[in-house]
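my_file.pdb follows (PDB, C-alpha atoms and all ligand atoms):
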ATOM      1  CA  MET A   1     -37.272 -20.511  37.867  1.00  0.00           C
ATOM      2  CA  LEU A   2     -39.044 -23.854  37.280  1.00  0.00           C
ATOM      3  CA  VAL A   3     -39.361 -26.299  40.189  1.00  0.00           C
ATOM      4  CA  SER A   4     -41.287 -29.469  40.995  1.00  0.00           C
ATOM      5  CA  GLY A   5     -39.737 -30.419  44.326  1.00  0.00           C
ATOM      6  CA  GLY A   6     -38.295 -29.128  47.564  1.00  0.00           C
ATOM      7  CA  GLY A   7     -36.388 -26.315  45.914  1.00  0.00           C
ATOM      8  CA  SER A   8     -32.987 -26.465  47.610  1.00  0.00           C
ATOM      9  CA  ASN A   9     -31.428 -25.104  44.417  1.00  0.00           C
ATOM     10  CA  LEU A  10     -33.951 -22.283  44.475  1.00  0.00           C
ATOM     11  CA  ALA A  11     -33.074 -21.640  48.125  1.00  0.00           C
ATOM     12  CA  ALA A  12     -29.403 -21.319  47.172  1.00  0.00           C
ATOM     13  CA  LEU A  13     -30.213 -18.792  44.434  1.00  0.00           C
ATOM     14  CA  LEU A  14     -32.448 -16.833  46.800  1.00  0.00           C
ATOM     15  CA  ALA A  15     -29.667 -16.790  49.398  1.00  0.00           C
ATOM     16  CA  ALA A  16     -27.177 -15.569  46.799  1.00  0.00           C
ATOM     17  CA  ARG A  17     -29.213 -12.381  46.380  1.00  0.00           C
ATOM     18  CA  SER A  18     -27.818 -11.105  49.670  1.00  0.00           C
ATOM     19  CA  ASP A  19     -24.484 -10.571  47.893  1.00  0.00           C
ATOM     20  CA  PRO A  20     -24.929  -7.362  45.881  1.00  0.00           C
ATOM     21  CA  ALA A  21     -22.178  -8.506  43.505  1.00  0.00           C
ATOM     22  CA  PHE A  22     -24.111 -11.636  42.568  1.00  0.00           C
ATOM     23  CA  GLY A  23     -25.922  -9.854  39.760  1.00  0.00           C
ATOM     24  CA  ALA A  24     -29.005 -12.074  39.417  1.00  0.00           C
ATOM     25  CA  ARG A  25     -32.373 -12.188  41.107  1.00  0.00           C
ATOM     26  CA  VAL A  26     -35.216 -14.663  40.969  1.00  0.00           C
ATOM     27  CA  VAL A  27     -38.177 -12.839  39.381  1.00  0.00           C
ATOM     28  CA  GLY A  28     -40.689 -15.678  39.525  1.00  0.00           C
ATOM     29  CA  VAL A  29     -41.067 -19.334  40.473  1.00  0.00           C
ATOM     30  CA  LEU A  30     -43.294 -21.629  38.440  1.00  0.00           C
ATOM     31  CA  SER A  31     -44.272 -25.207  39.097  1.00  0.00           C
ATOM     32  CA  ASP A  32     -46.312 -28.003  37.557  1.00  0.00           C
ATOM     33  CA  ASP A  33     -47.209 -29.159  41.087  1.00  0.00           C
ATOM     34  CA  PRO A  34     -49.118 -27.006  43.612  1.00  0.00           C
ATOM     35  CA  GLY A  35     -47.529 -29.069  46.414  1.00  0.00           C
ATOM     36  CA  ALA A  36     -43.938 -28.291  45.430  1.00  0.00           C
ATOM     37  CA  GLY A  37     -41.954 -27.144  48.470  1.00  0.00           C
ATOM     38  CA  GLY A  38     -40.120 -24.661  46.285  1.00  0.00           C
ATOM     39  CA  LEU A  39     -43.309 -22.610  46.014  1.00  0.00           C
ATOM     40  CA  ASP A  40     -43.360 -22.101  49.787  1.00  0.00           C
ATOM     41  CA  LEU A  41     -39.718 -21.015  49.745  1.00  0.00           C
ATOM     42  CA  ALA A  42     -40.491 -18.496  47.013  1.00  0.00           C
ATOM     43  CA  ARG A  43     -43.531 -17.116  48.832  1.00  0.00           C
ATOM     44  CA  ALA A  44     -41.531 -16.778  52.038  1.00  0.00           C
ATOM     45  CA  ALA A  45     -38.924 -14.802  50.084  1.00  0.00           C
ATOM     46  CA  GLY A  46     -41.565 -12.534  48.560  1.00  0.00           C
ATOM     47  CA  VAL A  47     -41.103 -13.945  45.040  1.00  0.00           C
ATOM     48  CA  ALA A  48     -44.156 -14.360  42.792  1.00  0.00           C
ATOM     49  CA  THR A  49     -45.314 -17.930  42.181  1.00  0.00           C
ATOM     50  CA  VAL A  50     -47.433 -19.521  39.465  1.00  0.00           C
ATOM     51  CA  VAL A  51     -48.691 -23.103  39.123  1.00  0.00           C
ATOM     52  CA  VAL A  52     -49.401 -24.463  35.647  1.00  0.00           C
ATOM     53  CA  ARG A  53     -50.766 -27.998  36.089  1.00  0.00           C
ATOM     54  CA  PRO A  54     -50.706 -30.382  33.119  1.00  0.00           C
ATOM     55  CA  ALA A  55     -54.032 -31.823  34.332  1.00  0.00           C
ATOM     56  CA  ASP A  56     -55.707 -28.487  33.575  1.00  0.00           C
ATOM     57  CA  PHE A  57     -54.918 -28.710  29.856  1.00  0.00           C
ATOM     58  CA  ALA A  58     -56.182 -30.875  27.008  1.00  0.00           C
ATOM     59  CA  ASP A  59     -52.723 -32.139  26.105  1.00  0.00           C
ATOM     60  CA  ARG A  60     -49.020 -31.647  26.655  1.00  0.00           C
ATOM     61  CA  ALA A  61     -48.723 -29.117  23.833  1.00  0.00           C
ATOM     62  CA  ALA A  62     -51.446 -26.893  25.321  1.00  0.00           C
ATOM     63  CA  TRP A  63     -49.782 -27.089  28.743  1.00  0.00           C
ATOM     64  CA  ASP A  64     -46.452 -26.153  27.176  1.00  0.00           C
ATOM     65  CA  VAL A  65     -47.966 -23.059  25.515  1.00  0.00           C
ATOM     66  CA  ALA A  66     -49.536 -22.016  28.831  1.00  0.00           C
ATOM     67  CA  LEU A  67     -46.275 -22.529  30.721  1.00  0.00           C
ATOM     68  CA  ALA A  68     -44.396 -20.429  28.160  1.00  0.00           C
ATOM     69  CA  ALA A  69     -46.999 -17.660  28.489  1.00  0.00           C
ATOM     70  CA  ALA A  70     -46.790 -17.755  32.291  1.00  0.00           C
ATOM     71  CA  VAL A  71     -42.988 -17.550  32.240  1.00  0.00           C
ATOM     72  CA  GLY A  72     -43.122 -14.790  29.608  1.00  0.00           C
ATOM     73  CA  VAL A  73     -45.023 -12.544  32.026  1.00  0.00           C
ATOM     74  CA  PHE A  74     -41.794 -12.239  34.045  1.00  0.00           C
ATOM     75  CA  SER A  75     -39.653 -11.321  30.988  1.00  0.00           C
ATOM     76  CA  PRO A  76     -36.785 -13.420  32.352  1.00  0.00           C
ATOM     77  CA  THR A  77     -33.235 -13.072  31.072  1.00  0.00           C
ATOM     78  CA  LEU A  78     -32.653 -16.695  31.959  1.00  0.00           C
ATOM     79  CA  VAL A  79     -35.032 -19.578  32.709  1.00  0.00           C
ATOM     80  CA  VAL A  80     -33.602 -21.971  35.300  1.00  0.00           C
ATOM     81  CA  SER A  81     -35.054 -25.455  35.599  1.00  0.00           C
ATOM     82  CA  ALA A  82     -33.996 -27.066  38.875  1.00  0.00           C
ATOM     83  CA  GLY A  83     -35.746 -30.264  39.797  1.00  0.00           C
ATOM     84  CA  PHE A  84     -38.500 -29.505  37.271  1.00  0.00           C
ATOM     85  CA  MET A  85     -39.662 -33.005  36.382  1.00  0.00           C
ATOM     86  CA  ARG A  86     -41.310 -32.213  33.039  1.00  0.00           C
ATOM     87  CA  ILE A  87     -39.959 -32.042  29.521  1.00  0.00           C
ATOM     88  CA  LEU A  88     -40.165 -28.557  28.036  1.00  0.00           C
ATOM     89  CA  GLY A  89     -41.848 -28.686  24.633  1.00  0.00           C
ATOM     90  CA  ALA A  90     -41.481 -27.007  21.260  1.00  0.00           C
ATOM     91  CA  SER A  91     -43.491 -23.864  22.061  1.00  0.00           C
ATOM     92  CA  PHE A  92     -41.578 -23.199  25.239  1.00  0.00           C
ATOM     93  CA  LEU A  93     -38.208 -23.693  23.606  1.00  0.00           C
ATOM     94  CA  ALA A  94     -39.143 -21.647  20.534  1.00  0.00           C
ATOM     95  CA  ARG A  95     -39.789 -18.735  22.856  1.00  0.00           C
ATOM     96  CA  PHE A  96     -36.874 -19.103  25.255  1.00  0.00           C
ATOM     97  CA  ALA A  97     -34.333 -21.130  23.267  1.00  0.00           C
ATOM     98  CA  GLY A  98     -30.721 -20.458  24.217  1.00  0.00           C
ATOM     99  CA  ARG A  99     -31.616 -19.078  27.625  1.00  0.00           C
ATOM    100  CA  VAL A 100     -33.109 -22.104  29.382  1.00  0.00           C
ATOM    101  CA  ILE A 101     -30.734 -24.004  31.643  1.00  0.00           C
ATOM    102  CA  ASN A 102     -31.266 -27.166  33.651  1.00  0.00           C
ATOM    103  CA  THR A 103     -29.374 -28.786  36.473  1.00  0.00           C
ATOM    104  CA  HIS A 104     -29.047 -32.565  36.451  1.00  0.00           C
ATOM    105  CA  PRO A 105     -27.676 -34.861  39.200  1.00  0.00           C
ATOM    106  CA  ALA A 106     -25.218 -36.843  37.041  1.00  0.00           C
ATOM    107  CA  LEU A 107     -22.307 -36.254  34.714  1.00  0.00           C
ATOM    108  CA  LEU A 108     -24.099 -36.008  31.366  1.00  0.00           C
ATOM    109  CA  PRO A 109     -24.211 -37.560  28.852  1.00  0.00           C
ATOM    110  CA  ALA A 110     -24.205 -40.416  31.374  1.00  0.00           C
ATOM    111  CA  PHE A 111     -27.458 -41.143  33.194  1.00  0.00           C
ATOM    112  CA  PRO A 112     -29.944 -38.658  31.742  1.00  0.00           C
ATOM    113  CA  GLY A 113     -33.611 -38.711  32.730  1.00  0.00           C
ATOM    114  CA  ALA A 114     -35.597 -38.733  35.925  1.00  0.00           C
ATOM    115  CA  HIS A 115     -33.355 -41.104  37.934  1.00  0.00           C
ATOM    116  CA  GLY A 116     -29.794 -39.901  37.335  1.00  0.00           C
ATOM    117  CA  VAL A 117     -28.584 -40.737  40.840  1.00  0.00           C
ATOM    118  CA  ARG A 118     -30.254 -44.160  41.026  1.00  0.00           C
ATOM    119  CA  ASP A 119     -29.036 -45.116  37.558  1.00  0.00           C
ATOM    120  CA  ALA A 120     -25.425 -44.110  38.296  1.00  0.00           C
ATOM    121  CA  LEU A 121     -25.471 -46.089  41.532  1.00  0.00           C
ATOM    122  CA  ALA A 122     -26.982 -49.143  39.833  1.00  0.00           C
ATOM    123  CA  TYR A 123     -24.359 -48.995  37.075  1.00  0.00           C
ATOM    124  CA  GLY A 124     -21.589 -49.085  39.661  1.00  0.00           C
ATOM    125  CA  VAL A 125     -19.712 -45.911  38.689  1.00  0.00           C
ATOM    126  CA  ARG A 126     -17.126 -44.677  41.202  1.00  0.00           C
ATOM    127  CA  VAL A 127     -17.501 -41.047  40.250  1.00  0.00           C
ATOM    128  CA  THR A 128     -20.684 -39.207  39.325  1.00  0.00           C
ATOM    129  CA  GLY A 129     -21.662 -35.581  39.837  1.00  0.00           C
ATOM    130  CA  CYS A 130     -23.841 -32.852  38.420  1.00  0.00           C
ATOM    131  CA  THR A 131     -24.257 -30.973  35.182  1.00  0.00           C
ATOM    132  CA  VAL A 132     -25.680 -27.567  34.359  1.00  0.00           C
ATOM    133  CA  HIS A 133     -26.634 -27.502  30.700  1.00  0.00           C
ATOM    134  CA  LEU A 134     -28.652 -25.624  28.130  1.00  0.00           C
ATOM    135  CA  VAL A 135     -32.011 -27.197  27.428  1.00  0.00           C
ATOM    136  CA  ASP A 136     -32.791 -28.384  23.931  1.00  0.00           C
ATOM    137  CA  GLU A 137     -35.627 -30.574  22.667  1.00  0.00           C
ATOM    138  CA  GLY A 138     -34.013 -33.789  23.950  1.00  0.00           C
ATOM    139  CA  VAL A 139     -33.931 -35.206  27.464  1.00  0.00           C
ATOM    140  CA  ASP A 140     -30.797 -33.743  29.130  1.00  0.00           C
ATOM    141  CA  THR A 141     -29.029 -33.525  25.757  1.00  0.00           C
ATOM    142  CA  GLY A 142     -28.301 -29.785  25.451  1.00  0.00           C
ATOM    143  CA  PRO A 143     -24.799 -28.244  25.401  1.00  0.00           C
ATOM    144  CA  ILE A 144     -23.005 -28.566  28.731  1.00  0.00           C
ATOM    145  CA  ILE A 145     -22.186 -25.345  30.599  1.00  0.00           C
ATOM    146  CA  ALA A 146     -20.466 -26.722  33.717  1.00  0.00           C
ATOM    147  CA  GLN A 147     -19.969 -29.964  35.615  1.00  0.00           C
ATOM    148  CA  ARG A 148     -18.604 -31.065  38.956  1.00  0.00           C
ATOM    149  CA  ALA A 149     -17.602 -34.554  40.047  1.00  0.00           C
ATOM    150  CA  VAL A 150     -18.702 -36.316  43.220  1.00  0.00           C
ATOM    151  CA  GLU A 151     -17.162 -39.568  44.434  1.00  0.00           C
ATOM    152  CA  VAL A 152     -19.462 -42.529  45.059  1.00  0.00           C
ATOM    153  CA  LEU A 153     -18.762 -44.058  48.483  1.00  0.00           C
ATOM    154  CA  ALA A 154     -19.103 -47.765  49.244  1.00  0.00           C
ATOM    155  CA  ALA A 155     -21.825 -47.093  51.807  1.00  0.00           C
ATOM    156  CA  ASP A 156     -23.888 -44.815  49.560  1.00  0.00           C
ATOM    157  CA  ASP A 157     -27.545 -45.347  48.848  1.00  0.00           C
ATOM    158  CA  GLU A 158     -29.529 -43.145  46.488  1.00  0.00           C
ATOM    159  CA  ALA A 159     -30.485 -40.674  49.215  1.00  0.00           C
ATOM    160  CA  SER A 160     -26.997 -40.196  50.679  1.00  0.00           C
ATOM    161  CA  LEU A 161     -25.386 -39.859  47.257  1.00  0.00           C
ATOM    162  CA  HIS A 162     -28.042 -37.419  46.070  1.00  0.00           C
ATOM    163  CA  GLU A 163     -27.562 -35.270  49.177  1.00  0.00           C
ATOM    164  CA  ARG A 164     -23.808 -35.007  48.524  1.00  0.00           C
ATOM    165  CA  ILE A 165     -24.430 -34.259  44.856  1.00  0.00           C
ATOM    166  CA  LYS A 166     -26.968 -31.580  45.774  1.00  0.00           C
ATOM    167  CA  THR A 167     -24.468 -29.776  47.993  1.00  0.00           C
ATOM    168  CA  VAL A 168     -22.063 -29.501  45.061  1.00  0.00           C
ATOM    169  CA  GLU A 169     -24.878 -28.857  42.586  1.00  0.00           C
ATOM    170  CA  ARG A 170     -26.233 -25.837  44.461  1.00  0.00           C
ATOM    171  CA  ALA A 171     -22.838 -24.143  44.468  1.00  0.00           C
ATOM    172  CA  LEU A 172     -22.361 -24.914  40.782  1.00  0.00           C
ATOM    173  CA  LEU A 173     -25.779 -23.541  39.828  1.00  0.00           C
ATOM    174  CA  VAL A 174     -25.253 -20.345  41.817  1.00  0.00           C
ATOM    175  CA  ASP A 175     -21.856 -19.897  40.161  1.00  0.00           C
ATOM    176  CA  VAL A 176     -23.262 -20.434  36.637  1.00  0.00           C
ATOM    177  CA  VAL A 177     -26.310 -18.189  37.117  1.00  0.00           C
ATOM    178  CA  GLY A 178     -24.147 -15.418  38.589  1.00  0.00           C
ATOM    179  CA  ARG A 179     -21.673 -15.647  35.736  1.00  0.00           C
ATOM    180  CA  VAL A 180     -24.432 -15.566  33.124  1.00  0.00           C
ATOM    181  CA  ALA A 181     -25.987 -12.539  34.844  1.00  0.00           C
ATOM    182  CA  ARG A 182     -22.683 -10.685  35.039  1.00  0.00           C
ATOM    183  CA  GLY A 183     -21.372 -11.653  31.621  1.00  0.00           C
ATOM    184  CA  ALA A 184     -22.424 -13.419  28.511  1.00  0.00           C
ATOM    185  CA  LEU A 185     -23.200 -16.956  27.557  1.00  0.00           C
ATOM    186  CA  THR A 186     -22.079 -17.837  24.053  1.00  0.00           C
ATOM    187  CA  VAL A 187     -22.746 -21.098  22.311  1.00  0.00           C
ATOM    188  CA  GLU A 188     -20.869 -22.509  19.341  1.00  0.00           C
ATOM    189  CA  GLY A 189     -22.232 -25.897  18.456  1.00  0.00           C
ATOM    190  CA  ARG A 190     -21.878 -27.977  21.612  1.00  0.00           C
ATOM    191  CA  HIS A 191     -19.402 -25.586  23.200  1.00  0.00           C
ATOM    192  CA  VAL A 192     -20.527 -23.018  25.737  1.00  0.00           C
ATOM    193  CA  ARG A 193     -18.462 -20.086  26.982  1.00  0.00           C
ATOM    194  CA  LEU A 194     -19.335 -18.059  30.041  1.00  0.00           C
ATOM    195  CA  GLY A 195     -18.369 -14.423  30.560  1.00  0.00           C
TER     196      GLY A 195
HETATM  197  C1  LIG B   1     -31.734 -31.806  41.904  1.00  0.00           C
HETATM  198  O1  LIG B   1     -30.739 -32.699  42.318  1.00  0.00           O
HETATM  199  C2  LIG B   1     -31.857 -31.818  40.390  1.00  0.00           C
HETATM  200  O2  LIG B   1     -30.641 -32.011  39.729  1.00  0.00           O
HETATM  201  C3  LIG B   1     -32.762 -32.989  40.196  1.00  0.00           C
HETATM  202  O3  LIG B   1     -33.730 -32.861  41.196  1.00  0.00           O
HETATM  203  C4  LIG B   1     -33.120 -32.252  42.340  1.00  0.00           C
HETATM  204  C5  LIG B   1     -34.000 -31.103  42.768  1.00  0.00           C
HETATM  205  O4  LIG B   1     -33.629 -30.671  44.032  1.00  0.00           O
HETATM  206  N1  LIG B   1     -33.320 -32.963  38.889  1.00  0.00           N
HETATM  207  C6  LIG B   1     -33.535 -34.064  38.168  1.00  0.00           C
HETATM  208  O5  LIG B   1     -33.331 -35.193  38.565  1.00  0.00           O
HETATM  209  C7  LIG B   1     -34.088 -33.800  36.776  1.00  0.00           C
HETATM  210  N2  LIG B   1     -33.890 -34.917  35.950  1.00  0.00           N
HETATM  211  P1  LIG B   1     -34.313 -29.372  44.683  1.00  0.00           P
HETATM  212  O6  LIG B   1     -35.818 -29.450  44.444  1.00  0.00           O
HETATM  213  O7  LIG B   1     -33.966 -29.503  46.129  1.00  0.00           O
HETATM  214  O8  LIG B   1     -33.703 -28.154  44.043  1.00  0.00           O
END

Encoded form using structure tokens:
Amino acid sequence: MLVSGGGSNLAALLAARSDPAFGARVVGVLSDDPGAGGLDLARAAGVATVVVRPADFADRAAWDVALAAAVGVFSPTLVVSAGFMRILGASFLARFAGRVINTHPALLPAFPGAHGVRDALAYGVRVTGCTVHLVDEGVDTGPIIAQRAVEVLAADDEASLHERIKTVERALLVDVVGRVARGALTVEGRHVRLG
């Protein structure tokens, strides 16, 4: 699992392990940021952690190769990016293509990028939500696996809306990861089938 932030999505996946029928387990947590709260959650749960900092590499491509190597050590079936605020590059995707998923706090293809909640709010949409999608070389452009809608309330600011989205997002991510672990994920063009 790849995280840059607090790791509430990671926490939800770690909690899901207590259900033996869930079918998936988190084998490792990697971050670009040694201060990411998700790393503490992983350590507390006894899950291995690795930090691969861009600042330690000559360029983005070298960092990407190192990240791919660090993830490869865990031989993951699926790579889950949740709040990982870096673009995965060509080397990473060449190695893990088709089995990297990302969760995004908006209904893609609307509001991709680092500020999905802020951008949706600024645009004035009445409904936004979250998307779990396969990662390709673009920014939040890969085939969509699952989405859920969240209503925007008149009193919402970015923080309140993001919190409500995250509640829905965690459940969606756990559902998708469990279904991938228990079944198959097939992709035909832009269409993804689970199980
Ligand atoms: C999630 O809402 C995720 O969709 C978002 O960051 C949050 C991470 O929360 N990701 C992006 O905005 C990526 N563009 P978490 O650290 O509590 O799991």

Separation of CA of Leu67 (chain A) from CA of Ala97 (chain A) in Å: 14.1 Å

Selected residue, from A:Leu172, A:Val52, A:Ala106, A:Ala181, that lies nearest to ligand LIG 1 (chain B) when counting all atoms listed in the file: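 Closest residue, counting all atoms listed in the file: A:Ala106.
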
Close residues, Val174 (chain A) itself excluded, 12 Å, only C-alpha atoms, min 2 positions apart in chain, as a PyMOL selection string: chain A and resi 8-17+19+22-26+80+82+103+132+146+167-172+176-181

Separation of CA of Ala69 (chain A) from CA of Asp32 (chain A) in Å: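 It comes out at 13.8 Å.
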
Picked residues, the PyMOL selection byres (((chain A and resi 100) around 7) and not hetatm), as a PyMOL selection string: chain A and resi 78-80+96-99+101-102+134-135

Output file for the residues above (C-alpha atoms, as a short mmCIF file (atom, residue, chain, number, x, y, z; two decimals), in the coordinates of the input):
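Result went into out_27.cif, see below:
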data_model
loop_
_atom_site.label_atom_id
_atom_site.label_comp_id
_atom_site.auth_asym_id
_atom_site.auth_seq_id
_atom_site.Cartn_x
_atom_site.Cartn_y
_atom_site.Cartn_z
CA LEU A 78 -32.65 -16.70 31.96
CA VAL A 79 -35.03 -19.58 32.71
CA VAL A 80 -33.60 -21.97 35.30
CA PHE A 96 -36.87 -19.10 25.26
CA ALA A 97 -34.33 -21.13 23.27
CA GLY A 98 -30.72 -20.46 24.22
CA ARG A 99 -31.62 -19.08 27.62
CA ILE A 101 -30.73 -24.00 31.64
CA ASN A 102 -31.27 -27.17 33.65
CA LEU A 134 -28.65 -25.62 28.13
CA VAL A 135 -32.01 -27.20 27.43
#

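With only C-alpha atoms and all ligand atoms as the atoms that count, the minimum distance from ligand LIG 1 (chain B) to the choices A:His104, A:His191, A:Arg182, A:Arg164 is reached by A:His104.
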
Around all the atoms of ligand LIG 1 (chain B) listed in the file, with 5 Å of room on each side, what axis-aligned box do you get, giving centre and edge lengths in Å to one decimal, as AutoDock Vina command-line options?
--center_x -33.2 --center_y -31.7 --center_z 41.0 --size_x 15.2 --size_y 17.0 --size_z 20.2

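Here CA of Ala55 (chain A) is placed at a distance of 28.2 Å from CA of Thr77 (chain A).
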
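Taking only C-alpha atoms and all ligand atoms into account, ligand LIG 1 (chain B) lies nearest to A:Ile87 out of the set A:Ala154, A:Ile87, A:Ile145, A:Ala45.
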
List the residues matched by the PyMOL selection byres (((chain A and resi 127) around 8) and not hetatm) in the displayed structure as a PDB file with C-alpha atoms, in the coordinates of the input, ordered by chain and then by residue number.
ATOM      1  CA  VAL A 125     -19.712 -45.911  38.689  1.00  0.00           C
ATOM      2  CA  ARG A 126     -17.126 -44.677  41.202  1.00  0.00           C
ATOM      3  CA  THR A 128     -20.684 -39.207  39.325  1.00  0.00           C
ATOM      4  CA  GLY A 129     -21.662 -35.581  39.837  1.00  0.00           C
ATOM      5  CA  ALA A 149     -17.602 -34.554  40.047  1.00  0.00           C
ATOM      6  CA  VAL A 150     -18.702 -36.316  43.220  1.00  0.00           C
ATOM      7  CA  GLU A 151     -17.162 -39.568  44.434  1.00  0.00           C
ATOM      8  CA  VAL A 152     -19.462 -42.529  45.059  1.00  0.00           C
TER       9      VAL A 152
END

Hits of the PyMOL selection byres (((chain A and resi 54) around 12) and not hetatm) in this structure, as a PyMOL selection string: chain A and resi 31-34+51-53+55-67+85-88

Val27 (chain A) environment, 8 Å, all atoms listed in the file, sequence neighbours closer than 3 positions dropped, as a PyMOL selection string: chain A and resi 1+47-48+74+76

From A:Leu93, A:Ala159, A:Val192, A:Val187, residue lying nearest ligand LIG 1 (chain B) [all atoms listed in the file]: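 The answer is A:Ala159, which sits nearest to ligand LIG 1 (chain B).
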
Best match for closeness to Pro105 (chain A) among A:His162, A:Ile144, A:Leu153, A:Val71, counting all atoms listed in the file: A:His162

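Comparing the minimum interatomic distances between Gly72 (chain A) and each of A:Leu107, A:Ala122, A:Ala42, A:Val50, counting only C-alpha atoms, we find that A:Val50 sits nearest.
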
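Shell of Ala184 (chain A) at 7 Å, with all atoms listed in the file counted and residues fewer than 2 places along the chain excluded, is A:Val180, A:Thr186, A:Leu194, A:Gly195.
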
Those same residues, written as a tab-separated table (two decimals), in the frame of the given file with C-alpha atoms?
chain	number	residue	atom	x	y	z
A	180	VAL	CA	-24.43	-15.57	33.12
A	186	THR	CA	-22.08	-17.84	24.05
A	194	LEU	CA	-19.34	-18.06	30.04
A	195	GLY	CA	-18.37	-14.42	30.56
